[in-house]
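A.B. asks: Before I ask anything, here is the structure I am working with.
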Amino acid sequence: MAKLDLNSIFTGISGKLSKDSKITTRTRNGISHAYEIHHPFQGDPSQSQLTQRSTFSDAVAEASKILQNPELHQHWQSLYNSYRQQIAQSPNSTSLPLNAKGKPYSTLRGFIIASLSQQ
């Protein structure tokens with residue numbers, strides 16, 4: 001009897017399927033799961049959420065400008081290279097900025113956005 005594996009369809013999908021979707025997907029141990037969000041939050045965002053969203057969007061816009069300006073790009077690239085060297089020399093250092101997963105930033109853009117967001 002044939003066995004049908006639909007997992008290849010879902011390997012590129014994770015998270016919510018659309019802005020208003022109540023269905024989300026997640027892959028654990030190589031198995032994809034789709035499930036319904038039962039009680040999505042319906043209230044208005046708090047002031048701190050709005051502030052965080054604004055700060056992040058401003059940082060993304062500024063990072064885009066930095067990456068388009070060759071002089072600023074070179075400056076931030078040297079800062080990022082220095083950061084990566086420090087990570088390589090002392091990977092368990094608690095003084096270096098890490099992403100939300102506790103890992104070093106792996107892209108220049110992510111490093112710039114995080115640095116600008118923390119100012």
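All residue names refer to the structure tokens as shown: chains lettered A, B, ... in order, residues numbered from 1 in each chain, ligands numbered from 1 in order.
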Quick one: everything within 12 Å of stretch 80-90 of chain A, counting only C-alpha atoms, minus sequence neighbours fewer than 4 positions away in the same chain. Send it as an mmCIF file with N, CA and C atoms, in the first residue's frame.
C.D. replies:
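Result file around37.cif:
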data_model
loop_
_atom_site.group_PDB
_atom_site.id
_atom_site.type_symbol
_atom_site.label_atom_id
_atom_site.label_comp_id
_atom_site.auth_asym_id
_atom_site.auth_seq_id
_atom_site.Cartn_x
_atom_site.Cartn_y
_atom_site.Cartn_z
ATOM 1 N N HIS A 73 27.870 52.474 5.323
ATOM 2 C CA HIS A 73 27.911 51.016 5.198
ATOM 3 C C HIS A 73 29.284 50.495 5.620
ATOM 4 N N GLN A 74 30.323 51.158 5.150
ATOM 5 C CA GLN A 74 31.679 50.747 5.492
ATOM 6 C C GLN A 74 31.930 50.887 6.998
ATOM 7 N N HIS A 75 31.451 51.979 7.594
ATOM 8 C CA HIS A 75 31.615 52.180 9.038
ATOM 9 C C HIS A 75 30.931 51.063 9.827
ATOM 10 N N TRP A 76 29.682 50.777 9.486
ATOM 11 C CA TRP A 76 28.940 49.734 10.203
ATOM 12 C C TRP A 76 29.523 48.353 9.912
ATOM 13 N N THR A 94 29.151 37.555 28.115
ATOM 14 C CA THR A 94 27.811 38.093 28.393
ATOM 15 C C THR A 94 27.730 39.582 28.094
ATOM 16 N N SER A 95 28.857 40.211 27.764
ATOM 17 C CA SER A 95 28.845 41.655 27.511
ATOM 18 C C SER A 95 28.505 42.000 26.055
ATOM 19 N N LEU A 96 28.523 41.015 25.167
ATOM 20 C CA LEU A 96 28.239 41.280 23.758
ATOM 21 C C LEU A 96 26.744 41.131 23.487
ATOM 22 N N PRO A 97 26.188 41.990 22.625
ATOM 23 C CA PRO A 97 24.752 41.905 22.332
ATOM 24 C C PRO A 97 24.413 40.620 21.572
ATOM 25 N N LEU A 98 23.293 40.002 21.955
ATOM 26 C CA LEU A 98 22.820 38.776 21.326
ATOM 27 C C LEU A 98 21.390 38.972 20.861
ATOM 28 N N LYS A 103 21.711 34.155 20.585
ATOM 29 C CA LYS A 103 22.808 33.863 19.676
ATOM 30 C C LYS A 103 23.349 35.159 19.083
ATOM 31 N N PRO A 104 24.605 35.150 18.622
ATOM 32 C CA PRO A 104 25.165 36.359 17.998
ATOM 33 C C PRO A 104 24.431 36.699 16.708
ATOM 34 N N TYR A 105 24.420 37.973 16.372
ATOM 35 C CA TYR A 105 23.816 38.408 15.116
ATOM 36 C C TYR A 105 24.628 37.862 13.952
ATOM 37 N N SER A 106 23.945 37.286 12.969
ATOM 38 C CA SER A 106 24.644 36.640 11.862
ATOM 39 C C SER A 106 24.653 37.483 10.594
ATOM 40 N N THR A 107 23.956 38.625 10.599
ATOM 41 C CA THR A 107 23.956 39.497 9.421
ATOM 42 C C THR A 107 24.235 40.933 9.836
ATOM 43 N N LEU A 108 24.807 41.667 8.923
ATOM 44 C CA LEU A 108 25.080 43.084 9.167
ATOM 45 C C LEU A 108 23.778 43.838 9.405
ATOM 46 N N ARG A 109 22.758 43.556 8.592
ATOM 47 C CA ARG A 109 21.471 44.241 8.729
ATOM 48 C C ARG A 109 20.862 44.006 10.114
ATOM 49 N N GLY A 110 20.859 42.761 10.579
ATOM 50 C CA GLY A 110 20.326 42.452 11.904
ATOM 51 C C GLY A 110 21.111 43.155 13.003
ATOM 52 N N PHE A 111 22.431 43.206 12.853
ATOM 53 C CA PHE A 111 23.284 43.887 13.817
ATOM 54 C C PHE A 111 22.963 45.381 13.878
ATOM 55 N N ILE A 112 22.786 46.000 12.718
ATOM 56 C CA ILE A 112 22.478 47.432 12.658
ATOM 57 C C ILE A 112 21.114 47.708 13.299
ATOM 58 N N ILE A 113 20.107 46.923 12.933
ATOM 59 C CA ILE A 113 18.755 47.136 13.462
ATOM 60 C C ILE A 113 18.758 46.974 14.985
ATOM 61 N N ALA A 114 19.424 45.944 15.476
ATOM 62 C CA ALA A 114 19.473 45.723 16.919
ATOM 63 C C ALA A 114 20.197 46.872 17.618
ATOM 64 N N SER A 115 21.303 47.328 17.038
ATOM 65 C CA SER A 115 22.063 48.419 17.648
ATOM 66 C C SER A 115 21.247 49.697 17.689
#
A.B. asks: Please list as a list in words every residue within 12 Å of stretch 41-55 of chain A, counting only C-alpha atoms and excluding residues in the same chain fewer than 3 positions away.
C.D. replies: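 The residues that qualify are Asp20, Lys22, Ile37, His38, Asp58, Ala59, Val60, Ala61, Glu62, Ile113, Ala114, Ser115, Leu116, Ser117, Gln118 and Gln119 of chain A.
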A.B. asks: What is the atom CA of A:Ala100-atom CA of A:Ile31 distance in Å, reported with one decimal?
C.D. replies: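 So the answer is 24.5 Å.
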A.B. asks: Which of stretch 30-115 of chain A counts as strand (DSSP E) under DSSP, as a list in words please?
C.D. replies: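 Filtering stretch 30-115 of chain A down to strand (DSSP E) leaves Ile31, Ser32, His33, Ala34, Tyr35 and Glu36 of chain A.
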A.B. asks: Could you tell me how far atom CA of A:Lys101 lies from atom CA of A:His33, in Å and to one decimal?
C.D. replies: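 Pair atom CA of A:Lys101 / atom CA of A:His33 returns 22.1 Å.
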A.B. asks: Just the number, please: distance in Å from atom CA of A:Ile66 to atom CA of A:Ser78, one decimal.
C.D. replies: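 Going from atom CA of A:Ile66 over to atom CA of A:Ser78 covers 13.0 Å.
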